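Colleague: Handing over input02.cif, mmCIF, C-alpha atoms, pLDDT in the B column; chains and numbers go by the auth columns.
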data_entry
loop_
_atom_site.group_PDB
_atom_site.id
_atom_site.type_symbol
_atom_site.label_atom_id
_atom_site.label_comp_id
_atom_site.label_asym_id
_atom_site.label_seq_id
_atom_site.Cartn_x
_atom_site.Cartn_y
_atom_site.Cartn_z
_atom_site.B_iso_or_equiv
_atom_site.auth_seq_id
_atom_site.auth_asym_id
ATOM 1 C CA MET A 1 111.624 85.827 177.605 45.00 1 D
ATOM 2 C CA GLN A 2 114.411 85.961 175.026 47.00 2 D
ATOM 3 C CA THR A 3 113.812 83.690 172.035 44.00 3 D
ATOM 4 C CA VAL A 4 116.358 82.473 169.540 40.00 4 D
ATOM 5 C CA PHE A 5 114.642 84.646 166.944 40.00 5 D
ATOM 6 C CA ASN A 6 114.987 87.803 169.075 45.00 6 D
ATOM 7 C CA THR A 7 118.586 86.984 169.897 44.00 7 D
ATOM 8 C CA LEU A 8 119.473 86.377 166.255 41.00 8 D
ATOM 9 C CA PHE A 9 117.670 89.411 164.908 44.00 9 D
ATOM 10 C CA ASN A 10 118.777 91.910 167.496 49.00 10 D
ATOM 11 C CA THR A 11 122.327 91.577 166.201 50.00 11 D
ATOM 12 C CA PRO A 12 124.256 92.725 163.135 50.00 12 D
ATOM 13 C CA LEU A 13 123.047 89.512 161.466 46.00 13 D
ATOM 14 C CA ARG A 14 119.602 91.108 161.378 46.00 14 D
ATOM 15 C CA ASN A 15 120.825 93.692 158.907 47.00 15 D
ATOM 16 C CA VAL A 16 122.381 91.030 156.694 43.00 16 D
ATOM 17 C CA PHE A 17 119.153 89.025 156.797 42.00 17 D
ATOM 18 C CA LEU A 18 117.068 92.085 155.903 39.00 18 D
ATOM 19 C CA VAL A 19 119.344 92.977 153.006 40.00 19 D
ATOM 20 C CA LEU A 20 119.200 89.411 151.693 42.00 20 D
ATOM 21 C CA MET A 21 115.405 89.359 152.018 42.00 21 D
ATOM 22 C CA PHE A 22 115.168 92.706 150.201 44.00 22 D
ATOM 23 C CA ILE A 23 117.360 91.434 147.394 45.00 23 D
ATOM 24 C CA GLU A 24 115.346 88.196 147.131 48.00 24 D
ATOM 25 C CA PHE A 25 111.971 89.952 147.106 45.00 25 D
ATOM 26 C CA GLY A 26 113.265 92.679 144.799 45.00 26 D
ATOM 27 C CA MET A 27 114.582 90.133 142.320 42.00 27 D
ATOM 28 C CA THR A 28 111.367 88.133 142.498 44.00 28 D
ATOM 29 C CA ALA A 29 109.259 91.237 141.835 46.00 29 D
ATOM 30 C CA SER A 30 111.525 92.185 138.934 47.00 30 D
ATOM 31 C CA VAL A 31 111.290 88.714 137.398 51.00 31 D
ATOM 32 C CA GLN A 32 107.513 88.684 137.863 57.00 32 D
ATOM 33 C CA ALA A 33 107.155 92.121 136.227 56.00 33 D
ATOM 34 C CA GLU A 34 109.333 90.997 133.339 60.00 34 D
ATOM 35 C CA THR A 35 107.331 87.805 132.955 82.00 35 D
ATOM 36 C CA LYS A 36 104.047 89.715 132.996 95.00 36 D
ATOM 37 C CA LEU A 37 105.226 92.053 130.198 95.00 37 D
ATOM 38 C CA ASP A 38 106.469 89.086 128.200 96.00 38 D
ATOM 39 C CA ARG A 39 103.121 87.317 128.658 96.00 39 D
ATOM 40 C CA TRP A 40 101.206 90.395 127.505 97.00 40 D
ATOM 41 C CA TYR A 41 103.519 90.683 124.513 97.00 41 D
ATOM 42 C CA GLN A 42 102.972 87.011 123.656 97.00 42 D
ATOM 43 C CA ILE A 43 99.188 87.330 123.929 97.00 43 D
ATOM 44 C CA GLY A 44 99.322 90.338 121.620 97.00 44 D
ATOM 45 C CA TYR A 45 101.541 88.476 119.199 97.00 45 D
ATOM 46 C CA ASP A 46 99.212 85.470 119.182 97.00 46 D
ATOM 47 C CA TYR A 47 96.234 87.715 118.433 97.00 47 D
ATOM 48 C CA SER A 48 98.160 89.365 115.599 96.00 48 D
ATOM 49 C CA GLN A 49 98.789 85.953 114.049 96.00 49 D
ATOM 50 C CA MET A 50 95.035 85.351 114.084 97.00 50 D
ATOM 51 C CA GLN A 51 94.482 88.721 112.348 96.00 51 D
ATOM 52 C CA ARG A 52 92.716 90.015 115.470 97.00 52 D
ATOM 53 C CA ASN A 53 94.477 93.359 115.284 96.00 53 D
ATOM 54 C CA ASP A 54 92.270 95.214 117.792 97.00 54 D
ATOM 55 C CA ASP A 55 92.977 92.597 120.462 97.00 55 D
ATOM 56 C CA ALA A 56 96.649 92.426 119.468 97.00 56 D
ATOM 57 C CA PHE A 57 96.983 96.184 119.826 97.00 57 D
ATOM 58 C CA GLU A 58 95.337 96.171 123.260 98.00 58 D
ATOM 59 C CA TRP A 59 97.707 93.531 124.661 98.00 59 D
ATOM 60 C CA MET A 60 100.799 94.961 122.975 98.00 60 D
ATOM 61 C CA MET A 61 99.955 98.378 124.423 98.00 61 D
ATOM 62 C CA ARG A 62 99.888 96.899 127.931 97.00 62 D
ATOM 63 C CA ALA A 63 103.377 95.506 127.440 97.00 63 D
ATOM 64 C CA ALA A 64 104.604 98.650 125.652 98.00 64 D
ATOM 65 C CA ASP A 65 103.387 100.919 128.450 97.00 65 D
ATOM 66 C CA GLY A 66 105.391 98.725 130.821 96.00 66 D
ATOM 67 C CA GLY A 67 108.557 99.349 128.792 96.00 67 D
ATOM 68 C CA HIS A 68 108.746 96.146 126.693 97.00 68 D
ATOM 69 C CA SER A 69 110.888 97.187 123.707 97.00 69 D
ATOM 70 C CA GLY A 70 109.484 94.563 121.326 97.00 70 D
ATOM 71 C CA ALA A 71 105.930 95.612 122.148 98.00 71 D
ATOM 72 C CA GLN A 72 106.870 99.275 121.688 98.00 72 D
ATOM 73 C CA ASN A 73 108.219 98.416 118.245 98.00 73 D
ATOM 74 C CA ASN A 74 104.997 96.571 117.382 98.00 74 D
ATOM 75 C CA ILE A 75 102.867 99.488 118.592 98.00 75 D
ATOM 76 C CA GLY A 76 104.941 101.655 116.248 98.00 76 D
ATOM 77 C CA LEU A 77 104.194 99.242 113.403 97.00 77 D
ATOM 78 C CA SER A 78 100.494 99.244 114.325 98.00 78 D
ATOM 79 C CA TYR A 79 100.330 103.035 114.150 98.00 79 D
ATOM 80 C CA LEU A 80 102.414 103.155 110.980 98.00 80 D
ATOM 81 C CA HIS A 81 100.195 100.695 109.113 97.00 81 D
ATOM 82 C CA GLY A 82 96.856 101.264 110.875 97.00 82 D
ATOM 83 C CA LEU A 83 96.651 97.777 112.381 96.00 83 D
ATOM 84 C CA GLY A 84 94.136 97.715 115.239 96.00 84 D
ATOM 85 C CA VAL A 85 94.353 101.476 115.546 97.00 85 D
ATOM 86 C CA LYS A 86 93.939 104.542 113.336 98.00 86 D
ATOM 87 C CA GLN A 87 97.062 105.190 111.261 98.00 87 D
ATOM 88 C CA ASP A 88 99.185 107.915 112.859 98.00 88 D
ATOM 89 C CA GLU A 89 102.780 108.474 111.716 98.00 89 D
ATOM 90 C CA LYS A 90 103.618 110.759 114.655 98.00 90 D
ATOM 91 C CA GLN A 91 102.528 108.101 117.138 98.00 91 D
ATOM 92 C CA ALA A 92 104.466 105.511 115.147 98.00 92 D
ATOM 93 C CA PHE A 93 107.558 107.698 115.361 98.00 93 D
ATOM 94 C CA GLU A 94 107.191 108.134 119.134 98.00 94 D
ATOM 95 C CA TRP A 95 106.841 104.398 119.784 98.00 95 D
ATOM 96 C CA PHE A 96 109.716 103.450 117.471 98.00 96 D
ATOM 97 C CA GLU A 97 111.868 106.035 119.229 98.00 97 D
ATOM 98 C CA LYS A 98 111.087 104.571 122.674 98.00 98 D
ATOM 99 C CA SER A 99 112.023 101.102 121.478 98.00 99 D
ATOM 100 C CA ALA A 100 115.070 102.292 119.516 98.00 100 D
ATOM 101 C CA LYS A 101 116.477 104.066 122.550 98.00 101 D
ATOM 102 C CA GLN A 102 116.310 100.735 124.395 98.00 102 D
ATOM 103 C CA GLY A 103 118.555 99.230 121.707 98.00 103 D
ATOM 104 C CA LEU A 104 116.123 97.214 119.571 98.00 104 D
ATOM 105 C CA PRO A 105 117.678 97.171 116.069 98.00 105 D
ATOM 106 C CA TYR A 106 114.358 96.672 114.258 97.00 106 D
ATOM 107 C CA ALA A 107 112.982 99.823 115.864 98.00 107 D
ATOM 108 C CA GLN A 108 116.209 101.686 115.115 98.00 108 D
ATOM 109 C CA SER A 109 115.881 100.735 111.462 98.00 109 D
ATOM 110 C CA GLU A 110 112.212 101.781 111.329 98.00 110 D
ATOM 111 C CA LEU A 111 113.028 105.065 113.067 98.00 111 D
ATOM 112 C CA ALA A 112 115.766 105.682 110.522 98.00 112 D
ATOM 113 C CA MET A 113 113.308 105.170 107.665 98.00 113 D
ATOM 114 C CA LEU A 114 110.867 107.651 109.202 98.00 114 D
ATOM 115 C CA HIS A 115 113.671 110.217 109.484 98.00 115 D
ATOM 116 C CA TYR A 116 114.721 109.469 105.905 98.00 116 D
ATOM 117 C CA GLU A 117 111.199 109.852 104.508 98.00 117 D
ATOM 118 C CA GLY A 118 110.097 112.629 106.859 98.00 118 D
ATOM 119 C CA LYS A 119 107.144 110.627 108.181 98.00 119 D
ATOM 120 C CA GLY A 120 105.958 111.542 111.661 98.00 120 D
ATOM 121 C CA THR A 121 108.926 113.887 111.982 98.00 121 D
ATOM 122 C CA GLU A 122 110.994 116.306 109.947 98.00 122 D
ATOM 123 C CA LYS A 123 113.084 114.747 107.207 98.00 123 D
ATOM 124 C CA ASP A 124 116.643 114.347 108.482 98.00 124 D
ATOM 125 C CA ILE A 125 119.020 112.256 106.381 98.00 125 D
ATOM 126 C CA GLN A 126 121.844 112.492 108.923 98.00 126 D
ATOM 127 C CA LEU A 127 119.676 111.123 111.748 98.00 127 D
ATOM 128 C CA ALA A 128 118.473 108.376 109.396 98.00 128 D
ATOM 129 C CA GLN A 129 122.079 107.481 108.657 98.00 129 D
ATOM 130 C CA ASN A 130 122.980 107.478 112.359 98.00 130 D
ATOM 131 C CA TRP A 131 120.095 105.182 113.300 98.00 131 D
ATOM 132 C CA TRP A 132 120.737 102.825 110.375 98.00 132 D
ATOM 133 C CA LEU A 133 124.388 102.661 111.367 98.00 133 D
ATOM 134 C CA THR A 134 123.455 101.823 114.961 98.00 134 D
ATOM 135 C CA ALA A 135 121.134 99.020 113.828 98.00 135 D
ATOM 136 C CA ALA A 136 123.513 97.821 111.100 98.00 136 D
ATOM 137 C CA LYS A 137 126.267 97.318 113.656 98.00 137 D
ATOM 138 C CA GLN A 138 123.872 94.945 115.453 98.00 138 D
ATOM 139 C CA GLN A 139 123.633 92.843 112.281 97.00 139 D
ATOM 140 C CA ASP A 140 120.180 94.091 111.197 98.00 140 D
ATOM 141 C CA GLU A 141 120.237 93.188 107.497 97.00 141 D
ATOM 142 C CA TYR A 142 117.567 95.753 106.550 98.00 142 D
ATOM 143 C CA ALA A 143 119.511 98.545 108.231 98.00 143 D
ATOM 144 C CA GLN A 144 122.660 97.346 106.428 98.00 144 D
ATOM 145 C CA TYR A 145 120.846 97.344 103.092 98.00 145 D
ATOM 146 C CA ASN A 146 119.279 100.777 103.641 98.00 146 D
ATOM 147 C CA LEU A 147 122.578 102.222 104.849 98.00 147 D
ATOM 148 C CA ALA A 148 124.311 100.819 101.755 98.00 148 D
ATOM 149 C CA SER A 149 121.631 102.383 99.548 98.00 149 D
ATOM 150 C CA LEU A 150 122.099 105.735 101.293 98.00 150 D
ATOM 151 C CA MET A 151 125.872 105.494 100.841 98.00 151 D
ATOM 152 C CA LEU A 152 125.278 104.821 97.162 96.00 152 D
ATOM 153 C CA GLU A 153 123.099 107.962 96.970 97.00 153 D
ATOM 154 C CA LYS A 154 125.995 109.872 98.526 97.00 154 D
ATOM 155 C CA ASP A 155 128.430 108.370 95.976 96.00 155 D
ATOM 156 C CA ASP A 156 130.358 106.592 98.734 97.00 156 D
ATOM 157 C CA ILE A 157 130.846 103.420 96.715 96.00 157 D
ATOM 158 C CA LYS A 158 133.303 101.828 99.137 96.00 158 D
ATOM 159 C CA SER A 159 130.877 102.118 102.077 97.00 159 D
ATOM 160 C CA ALA A 160 127.951 101.001 99.920 97.00 160 D
ATOM 161 C CA TYR A 161 129.898 97.903 98.880 96.00 161 D
ATOM 162 C CA TYR A 162 130.806 97.151 102.496 97.00 162 D
ATOM 163 C CA TRP A 163 127.202 97.377 103.765 98.00 163 D
ATOM 164 C CA PHE A 164 125.654 95.546 100.775 97.00 164 D
ATOM 165 C CA ASN A 165 128.188 92.777 101.371 97.00 165 D
ATOM 166 C CA LEU A 166 127.227 92.492 105.052 98.00 166 D
ATOM 167 C CA ALA A 167 123.514 92.611 104.194 98.00 167 D
ATOM 168 C CA THR A 168 124.125 89.769 101.726 98.00 168 D
ATOM 169 C CA LYS A 169 125.890 87.711 104.393 98.00 169 D
ATOM 170 C CA ASN A 170 122.935 88.362 106.718 97.00 170 D
ATOM 171 C CA ASN A 171 120.474 87.155 104.051 97.00 171 D
ATOM 172 C CA HIS A 172 118.713 90.370 103.070 97.00 172 D
ATOM 173 C CA PRO A 173 116.490 89.294 100.141 96.00 173 D
ATOM 174 C CA ASP A 174 117.690 92.020 97.720 97.00 174 D
ATOM 175 C CA ALA A 175 121.262 92.589 98.860 97.00 175 D
ATOM 176 C CA LYS A 176 122.920 90.013 96.577 96.00 176 D
ATOM 177 C CA THR A 177 121.298 91.571 93.498 97.00 177 D
ATOM 178 C CA ALA A 178 122.359 95.052 94.602 96.00 178 D
ATOM 179 C CA LEU A 179 125.898 93.827 95.271 94.00 179 D
ATOM 180 C CA ASP A 180 126.061 92.167 91.838 95.00 180 D
ATOM 181 C CA LEU A 181 124.890 95.386 90.149 95.00 181 D
ATOM 182 C CA LEU A 182 127.415 97.389 92.117 93.00 182 D
ATOM 183 C CA ASN A 183 130.163 94.993 91.049 89.00 183 D
ATOM 184 C CA GLU A 184 129.115 95.228 87.384 92.00 184 D
ATOM 185 C CA LYS A 185 129.087 98.997 87.416 91.00 185 D
ATOM 186 C CA TYR A 186 132.163 99.785 89.513 86.00 186 D
ATOM 187 C CA VAL A 187 134.406 96.723 89.759 78.00 187 D
ATOM 188 C CA GLU A 188 134.338 95.036 86.369 65.00 188 D
#
I'd like the structure from this file rewritten - as structure tokens, please.

Modeller:
Amino acid sequence: MQTVFNTLFNTPLRNVFLVLMFIEFGMTASVQAETKLDRWYQIGYDYSQMQRNDDAFEWMMRAADGGHSGAQNNIGLSYLHGLGVKQDEKQAFEWFEKSAKQGLPYAQSELAMLHYEGKGTEKDIQLAQNWWLTAAKQQDEYAQYNLASLMLEKDDIKSAYYWFNLATKNNHPDAKTALDLLNEKYVE
């Protein structure tokens, strides 16, 4: 006996239906995975606000292992400062790098500082500059400020002025003072 279902799905429409079902289930699974990582991140964040660093680290690590860039950045911070885990600059570097490569400007700025100071990796001023520039272009005021400071060290006053000015516009707490000092010394 031929049913409507058999008739419909023994035709080219069957392939269309299967593709649509695959897309629907694939998108649902993707959204659920994303939601789960976000939930784990939020639980970790909430624990960190309660100063429960061991619990915060555990939940952040779940999200970080799943590829959540914000959680990876926070795991880097945990290792860098010994929050909920033993301090380990190499581990901090590795987690900041994972997050930075996903485009998170905060992680890019932290990674730059580790390159600049030679913490967890070899000191490399050029890599620090490159990462600060990447984050600064995304309007990270700390990257802008640090890049301006580096340009000042390199006697590139024009670039320093440019980046201090942007950091000031983006409300970095020390950028206005630095810009004023730069103006006093080089403009007036």

Colleague: Quick check on the file I pasted: which residues fall under the PyMOL selection byres ((chain D and resi 128) around 10)? Write them as a list in words.

Modeller: Gln108, Ser109, Glu110, Leu111, Ala112, Met113, Leu114, His115, Tyr116, Glu117, Gly118, Lys123, Asp124, Ile125, Gln126, Leu127, Gln129, Asn130, Trp131, Trp132, Leu133, Thr134, Ala143, Asn146, Leu147 and Leu150 of chain D

Colleague: Taking C-alpha atoms for each residue, export the selection above as a short mmCIF file (atom, residue, chain, number, x, y, z; two decimals), keeping the file's coordinate frame.

Modeller:
data_model
loop_
_atom_site.label_atom_id
_atom_site.label_comp_id
_atom_site.auth_asym_id
_atom_site.auth_seq_id
_atom_site.Cartn_x
_atom_site.Cartn_y
_atom_site.Cartn_z
CA GLN D 108 116.21 101.69 115.12
CA SER D 109 115.88 100.74 111.46
CA GLU D 110 112.21 101.78 111.33
CA LEU D 111 113.03 105.06 113.07
CA ALA D 112 115.77 105.68 110.52
CA MET D 113 113.31 105.17 107.66
CA LEU D 114 110.87 107.65 109.20
CA HIS D 115 113.67 110.22 109.48
CA TYR D 116 114.72 109.47 105.90
CA GLU D 117 111.20 109.85 104.51
CA GLY D 118 110.10 112.63 106.86
CA LYS D 123 113.08 114.75 107.21
CA ASP D 124 116.64 114.35 108.48
CA ILE D 125 119.02 112.26 106.38
CA GLN D 126 121.84 112.49 108.92
CA LEU D 127 119.68 111.12 111.75
CA GLN D 129 122.08 107.48 108.66
CA ASN D 130 122.98 107.48 112.36
CA TRP D 131 120.10 105.18 113.30
CA TRP D 132 120.74 102.82 110.38
CA LEU D 133 124.39 102.66 111.37
CA THR D 134 123.46 101.82 114.96
CA ALA D 143 119.51 98.54 108.23
CA ASN D 146 119.28 100.78 103.64
CA LEU D 147 122.58 102.22 104.85
CA LEU D 150 122.10 105.74 101.29
#

Colleague: For the provided coordinates, the residues matched by the PyMOL selection byres ((chain D and resi 38) around 12) should be stated as a list in words.

Modeller: Val31, Gln32, Ala33, Glu34, Thr35, Lys36, Leu37, Arg39, Trp40, Tyr41, Gln42, Ile43, Gly44, Tyr45, Trp59, Met60, Met61, Arg62, Ala63, Ala64, Gly66, Gly67, His68, Ser69, Gly70 and Ala71 of chain D

Colleague: Exactly which residues make up the result of the PyMOL selection byres ((chain D and resi 172-174) around 12) on this file, given as JSON, numbers by chain?

Modeller: {"D": [136, 139, 140, 141, 142, 143, 144, 145, 146, 148, 149, 163, 164, 165, 166, 167, 168, 169, 170, 171, 175, 176, 177, 178, 179, 180, 181]}

Colleague: Rounded to one decimal in Å, what is the spacing between atom CA of D:Ser48 and atom CA of D:Thr121?

Modeller: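 Those two atoms sit 27.0 Å apart.
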
Colleague: If you measure from atom CA of D:Lys98 to atom CA of D:Leu77, what distance in Å do you get, rounded to one decimal?

Modeller: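 It comes out at 12.7 Å.
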
Colleague: Which distance in Å separates atom CA of D:Glu89 and atom CA of D:Lys119, to one decimal?

Modeller: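 Computing it gives 6.0 Å between the two atoms.
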
Colleague: Pick from D:Ala160, D:Val85, D:Leu182, D:Leu80: nearest to D:Phe57, with all atoms listed in the file counted?

Modeller: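 Comparing D:Ala160, D:Val85, D:Leu182, D:Leu80 against D:Phe57, the winner is D:Val85.
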
Colleague: Taking only C-alpha atoms into account, which of D:Glu94, D:Ile157, D:Gly84, D:Gln72 comes nearest D:Asp55?

Modeller: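 Distance minimum relative to D:Asp55 lands on D:Gly84.
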
Colleague: Could you give me, as a ChimeraX atom specification, the residues that have an atom at most 6 Å away from the point (109.5, 96.7, 116.3) in the coordinates of the file, using all atoms listed in the file?

Modeller: /D:70,73-74,106-107

Colleague: To box stretch 46-51 of chain D, take all atoms listed in the file, fit an axis-aligned box, add 6 Å on each side, and give centre and edge lengths in Å to one decimal, as AutoDock Vina command-line options.

Modeller:
--center_x 96.8 --center_y 87.4 --center_z 115.8 --size_x 16.7 --size_y 16.0 --size_z 18.8

Colleague: Between D:Lys137, D:Gly120, D:Lys154, D:Asp46, which residue has the minimum interatomic distance to D:Gln91, considering only C-alpha atoms?

Modeller: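 Comparing D:Lys137, D:Gly120, D:Lys154, D:Asp46 against D:Gln91, the winner is D:Gly120.
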